[in-house]
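Raw contents of target13.txt, compact mmCIF, C-alpha atoms:
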```txt
# COMPACT_ATOMS: atom_id res chain seq x y z
CA GLN A 1 0.00 0.00 0.00
CA LYS A 2 1.61 3.21 -1.18
CA GLU A 3 1.30 5.96 1.39
CA VAL A 4 1.60 9.70 1.44
CA GLU A 5 1.87 11.39 4.81
CA GLN A 6 1.49 15.05 5.64
CA ASN A 7 1.80 16.97 8.88
CA SER A 8 -1.85 17.31 9.70
CA GLY A 9 -1.74 20.83 11.09
CA PRO A 10 -3.60 23.03 11.28
CA LEU A 11 -0.83 25.47 10.50
CA SER A 12 -1.33 29.10 11.33
CA VAL A 13 1.05 31.83 10.17
CA PRO A 14 0.88 35.63 10.17
CA GLU A 15 0.51 37.51 6.92
CA GLY A 16 3.89 38.02 5.26
CA ALA A 17 5.52 35.00 6.90
CA ILE A 18 6.80 31.83 5.23
CA ALA A 19 4.51 28.82 5.45
CA SER A 20 6.22 25.42 5.27
CA LEU A 21 4.25 22.33 4.37
CA ASN A 22 5.79 18.87 4.46
CA CYS A 23 5.07 15.50 2.90
CA THR A 24 6.70 12.08 2.94
CA TYR A 25 5.96 9.16 0.65
CA SER A 26 6.56 5.44 0.90
CA ASP A 27 7.22 4.39 -2.72
CA ARG A 28 10.92 4.92 -3.41
CA GLY A 29 10.22 4.51 -7.15
CA SER A 30 7.94 7.56 -7.35
CA GLN A 31 9.04 10.07 -9.97
CA SER A 32 6.41 12.81 -9.88
CA PHE A 33 5.05 14.88 -7.05
CA PHE A 34 2.22 17.36 -6.93
CA TRP A 35 0.88 19.98 -4.59
CA TYR A 36 -2.81 20.79 -4.83
CA ARG A 37 -4.59 23.64 -3.09
CA GLN A 38 -8.19 23.14 -2.01
CA TYR A 39 -10.33 25.99 -0.75
CA SER A 40 -13.18 25.07 1.54
CA GLY A 41 -16.07 23.63 -0.47
CA LYS A 42 -14.10 23.69 -3.72
CA SER A 43 -12.25 21.10 -5.76
CA PRO A 44 -8.45 20.64 -5.71
CA GLU A 45 -6.37 22.88 -7.94
CA LEU A 46 -2.81 22.02 -9.02
CA ILE A 47 -0.30 24.65 -7.91
CA MET A 48 3.07 22.92 -8.21
CA SER A 49 4.61 19.83 -9.73
CA ILE A 50 8.18 18.64 -9.21
CA TYR A 51 10.12 15.77 -10.74
CA SER A 52 13.81 16.35 -9.92
CA ASN A 53 15.72 16.65 -6.68
CA GLY A 54 16.18 20.20 -5.51
CA ASP A 55 14.04 23.28 -5.59
CA LYS A 56 11.47 24.51 -8.08
CA GLU A 57 10.20 28.05 -7.77
CA ASP A 58 7.01 29.56 -9.16
CA GLY A 59 6.24 33.02 -7.89
CA ARG A 60 5.79 32.88 -4.13
CA PHE A 61 5.75 29.08 -4.15
CA THR A 62 8.79 26.81 -3.91
CA ALA A 63 8.61 23.04 -4.03
CA GLN A 64 11.54 21.07 -2.65
CA LEU A 65 12.19 17.40 -3.39
CA ASN A 66 14.62 15.00 -1.74
CA LYS A 67 14.18 11.54 -3.22
CA ALA A 68 16.80 9.97 -0.96
CA SER A 69 14.77 11.02 2.07
CA GLN A 70 11.45 10.48 0.27
CA TYR A 71 10.43 13.96 1.25
CA VAL A 72 8.74 16.79 -0.62
CA SER A 73 7.85 20.18 0.77
CA LEU A 74 6.08 23.35 -0.26
CA LEU A 75 7.16 26.79 0.91
CA ILE A 76 4.87 29.77 0.51
CA ARG A 77 6.70 33.07 0.87
CA ASP A 78 5.00 36.33 1.85
CA SER A 79 1.89 34.40 2.85
CA GLN A 80 -1.41 36.13 2.16
CA PRO A 81 -4.84 35.55 3.70
CA SER A 82 -5.91 34.29 0.27
CA ASP A 83 -3.46 31.39 0.72
CA SER A 84 -5.65 30.05 3.52
CA ALA A 85 -6.70 26.62 2.27
CA THR A 86 -5.96 22.93 2.61
CA TYR A 87 -2.80 21.84 0.79
CA LEU A 88 -2.71 18.30 -0.53
CA CYS A 89 0.42 16.39 -1.46
CA ALA A 90 -0.17 13.82 -4.21
CA VAL A 91 1.91 11.10 -5.83
CA PRO A 92 0.93 9.13 -8.96
CA SER A 93 0.86 5.41 -8.35
CA GLY A 94 -0.65 3.75 -11.40
CA GLY A 95 2.28 3.26 -13.73
CA GLY A 96 2.36 3.77 -17.48
CA SER A 97 -0.25 6.30 -18.53
CA ASN A 98 -2.30 5.66 -15.39
CA TYR A 99 -1.61 8.63 -13.16
CA LYS A 100 -4.05 7.75 -10.40
CA LEU A 101 -3.09 9.89 -7.46
CA THR A 102 -2.49 8.88 -3.88
CA PHE A 103 -3.14 11.90 -1.69
CA GLY A 104 -2.03 12.83 1.76
CA LYS A 105 -4.74 13.83 4.23
CA GLY A 106 -3.86 17.48 3.68
CA THR A 107 -2.62 20.34 5.83
CA LEU A 108 -4.99 23.17 6.67
CA LEU A 109 -3.18 26.50 6.44
CA THR A 110 -4.57 29.68 7.95
CA VAL A 111 -2.86 32.99 7.20
CA ASN A 112 -3.84 35.62 9.74
CA PRO A 113 -4.03 39.28 8.64
CA GLY B 1 -12.24 26.86 -22.33
CA ALA B 2 -14.75 24.63 -20.57
CA GLY B 3 -13.51 22.65 -17.62
CA VAL B 4 -14.63 19.34 -16.19
CA SER B 5 -18.32 19.42 -15.37
CA GLN B 6 -20.23 17.21 -12.97
CA SER B 7 -23.87 16.73 -12.18
CA PRO B 8 -25.75 16.93 -9.99
CA SER B 9 -23.83 19.30 -7.75
CA ASN B 10 -25.70 17.99 -4.72
CA LYS B 11 -27.65 14.79 -4.19
CA VAL B 12 -29.63 13.73 -1.15
CA THR B 13 -30.94 10.18 -1.16
CA GLU B 14 -32.34 7.63 1.18
CA LYS B 15 -30.42 4.61 2.32
CA GLY B 16 -30.93 1.72 -0.05
CA LYS B 17 -31.64 3.81 -3.14
CA ASP B 18 -29.44 3.83 -6.25
CA VAL B 19 -27.73 7.01 -7.46
CA GLU B 20 -26.01 8.02 -10.68
CA LEU B 21 -23.35 10.69 -10.84
CA ARG B 22 -22.22 12.17 -14.12
CA CYS B 23 -18.91 13.57 -15.30
CA ASP B 24 -18.20 15.39 -18.55
CA PRO B 25 -14.41 15.72 -18.99
CA ILE B 26 -12.52 18.42 -20.82
CA SER B 27 -12.92 17.93 -24.55
CA GLY B 28 -10.09 15.85 -25.97
CA HIS B 29 -8.95 14.46 -22.64
CA THR B 30 -8.57 10.72 -22.99
CA ALA B 31 -8.01 9.92 -19.33
CA LEU B 32 -10.76 10.19 -16.73
CA TYR B 33 -10.62 9.46 -13.00
CA TRP B 34 -13.16 9.27 -10.22
CA TYR B 35 -12.13 10.07 -6.65
CA ARG B 36 -14.04 10.24 -3.41
CA GLN B 37 -13.38 12.72 -0.61
CA SER B 38 -14.77 12.05 2.82
CA LEU B 39 -13.95 13.52 6.22
CA GLY B 40 -12.41 10.40 7.63
CA GLN B 41 -10.58 9.05 4.59
CA GLY B 42 -9.38 12.07 2.70
CA LEU B 43 -9.25 11.97 -1.08
CA GLU B 44 -9.25 8.42 -2.48
CA PHE B 45 -8.95 7.05 -6.00
CA LEU B 46 -11.92 5.01 -7.24
CA ILE B 47 -11.57 4.21 -10.95
CA TYR B 48 -9.56 5.22 -14.04
CA PHE B 49 -10.54 5.17 -17.72
CA GLN B 50 -8.12 5.61 -20.62
CA GLY B 51 -9.46 5.48 -24.14
CA ASN B 52 -10.69 2.01 -25.03
CA SER B 53 -8.49 0.23 -22.50
CA ALA B 54 -9.94 -1.80 -19.65
CA PRO B 55 -10.56 0.51 -16.70
CA ASP B 56 -8.55 0.34 -13.48
CA LYS B 57 -11.25 -0.45 -10.93
CA SER B 58 -8.85 -1.13 -8.07
CA GLY B 59 -10.17 1.71 -5.92
CA LEU B 60 -13.85 0.82 -5.95
CA PRO B 61 -14.77 0.07 -2.30
CA SER B 62 -17.44 -2.55 -2.98
CA ASP B 63 -19.42 -4.22 -5.76
CA ARG B 64 -22.19 -1.69 -5.16
CA PHE B 65 -20.01 0.79 -7.03
CA SER B 66 -19.67 0.72 -10.80
CA ALA B 67 -18.77 3.15 -13.53
CA GLU B 68 -18.86 3.35 -17.27
CA ARG B 69 -17.56 5.69 -19.88
CA THR B 70 -19.46 5.76 -23.14
CA GLY B 71 -17.91 6.94 -26.37
CA GLY B 72 -14.69 7.84 -24.62
CA SER B 73 -16.22 10.98 -23.16
CA VAL B 74 -18.96 11.21 -20.52
CA SER B 75 -18.72 8.92 -17.53
CA THR B 76 -21.35 7.79 -15.05
CA LEU B 77 -20.59 6.50 -11.55
CA THR B 78 -23.40 4.37 -10.14
CA ILE B 79 -23.82 3.48 -6.49
CA GLN B 80 -26.40 0.80 -5.80
CA ARG B 81 -28.20 0.33 -2.50
CA THR B 82 -26.56 3.40 -1.00
CA GLN B 83 -25.34 3.31 2.59
CA GLN B 84 -24.70 6.19 4.96
CA GLU B 85 -20.95 5.64 4.70
CA ASP B 86 -21.22 6.46 0.98
CA SER B 87 -21.85 10.09 1.92
CA ALA B 88 -18.94 12.05 0.50
CA VAL B 89 -17.91 14.39 -2.28
CA TYR B 90 -17.35 12.51 -5.53
CA LEU B 91 -14.78 14.21 -7.75
CA CYS B 92 -14.02 13.59 -11.39
CA ALA B 93 -10.74 14.55 -13.04
CA SER B 94 -9.37 14.34 -16.55
CA HIS B 95 -6.08 14.84 -18.37
CA SER B 96 -4.81 14.70 -21.91
CA GLY B 97 -1.86 12.36 -21.60
CA PHE B 98 0.24 14.56 -19.42
CA GLU B 99 0.14 14.16 -15.70
CA THR B 100 -1.73 17.30 -14.72
CA GLN B 101 -5.25 16.34 -13.71
CA TYR B 102 -8.03 18.88 -13.79
CA PHE B 103 -10.79 18.35 -11.27
CA GLY B 104 -14.46 19.04 -11.65
CA PRO B 105 -16.51 20.80 -8.96
CA GLY B 106 -17.69 17.52 -7.46
CA THR B 107 -21.01 16.00 -6.47
CA ARG B 108 -21.87 16.19 -2.80
CA LEU B 109 -23.76 13.03 -1.90
CA LEU B 110 -25.68 12.73 1.34
CA VAL B 111 -27.29 9.41 2.22
CA LEU B 112 -29.93 9.69 4.92
```
Taking this structure as input, can you express it in the form of structure tokens?
Amino acid sequence: QKEVEQNSGPLSVPEGAIASLNCTYSDRGSQSFFWYRQYSGKSPELIMSIYSNGDKEDGRFTAQLNKASQYVSLLIRDSQPSDSATYLCAVPSGGGSNYKLTFGKGTLLTVNP
Amino acid sequence: GAGVSQSPSNKVTEKGKDVELRCDPISGHTALYWYRQSLGQGLEFLIYFQGNSAPDKSGLPSDRFSAERTGGSVSTLTIQRTQQEDSAVYLCASHSGFETQYFGPGTRLLVL
């Protein structure tokens, strides 16, 4: 059973701070990693994907991957109240063209004005 | 362009009744997934369709659940003899052969 674990939170940060979200995965063969953002009552929205060890930056978001430690994280710089949402870590587990996702339980982030 | 659409957006049913949930993927997307999101279990994979290939049904929780995809486009998820534990948000997602999945708005199912 492939597993994806996230620190359950909730995580509360002040506006302007850095929010750090963490995820570990059990399948050492995993090659792709995704971060989804889900606002309350809405469907998940992809915000970052990462495939190689190291950092990937997109605006205020940075994804970090360490395959040796089976660890992927998401940093949100200059956090805004609009970043308040649940962040889901997801790893494809199907193989071939089957990208069925195994999700972590999510971390609820609250950014306080 | 149009995203993934799902209907109905909300469904309330009585225990023991059958329900059908519909998903219309993004035009041209060959891959379609159904997921379920419940408070206790998080977001779980149910079933995957890719073109004319046999679907991956490995996530279906019981034989009361079935799904079909006609003409490689619209998909219907059917739950027979609904139980209270089936109450959840059912999400559909599609992609075009790349890994990025686009989710629909979901159907919120409540079984009384």
Hey, list the chain A side of the contact with chain B: 12 Å cut-off, only C-alpha atoms, answer as number ranges by chain.
A: 1, 3-6, 8, 31-51, 86-107
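Taking only C-alpha atoms, the non-local environment of A:Ile18 within 6 Å (same-chain residues fewer than 3 positions away omitted) comprises A:Ile76, A:Arg77, A:Asp78.
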Record the distance separating atom CA of B:Ser5 and atom CA of A:Ala85, expressed in Å with one decimal.
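So the two atoms, atom CA of B:Ser5 and atom CA of A:Ala85, lie 22.3 Å apart.
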Work out how far atom CA of B:Glu68 is from atom CA of B:Glu14, in Å to one decimal.
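Going from atom CA of B:Glu14 over to atom CA of B:Glu68, I get 23.2 Å.
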Tell me, in Å to one decimal, how far atom CA of B:Gly3 is from atom CA of B:Ser96.
12.5 Å
A:Leu11 environment, 7 Å, all atoms listed in the file, sequence neighbours closer than 4 positions dropped, as number ranges by chain:
A: 108-110
Looking at B:His29, B:Pro8, B:Leu21, B:Gly16, which one is nearest to B:Thr76, with distances taken over all atoms listed in the file?
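The shortest atom-to-atom distance to B:Thr76 comes from B:Leu21.
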Can you list, as a PyMOL selection string, every protein, DNA or RNA residue that comes within 6 Å of A:Gln70 when you count all atoms listed in the file, leaving out same-chain residues fewer than 4 positions away?
chain A and resi 24-25+66
Using all atoms listed in the file: which of B:Ser53, B:Thr30, B:Ser94, B:Gln83 has the shortest distance to B:Leu110:
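Ranked by minimum distance to B:Leu110, first place goes to B:Gln83.
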Under the rule that only C-alpha atoms are counted, which of A:Gly29, A:Gly9, A:Glu15, A:Asn53 is the nearest residue to A:Val72?
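Going through A:Gly29, A:Gly9, A:Glu15, A:Asn53 one by one, the smallest distance to A:Val72 is for A:Asn53.
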Residues near B:Ser62, cut-off 10 Å, all atoms listed in the file, skip fewer than 3 positions along chain, as a list of chain:residue names
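Answer for this query is B:Gly59, B:Phe65, B:Ser66, B:Ile79, B:Gln80.
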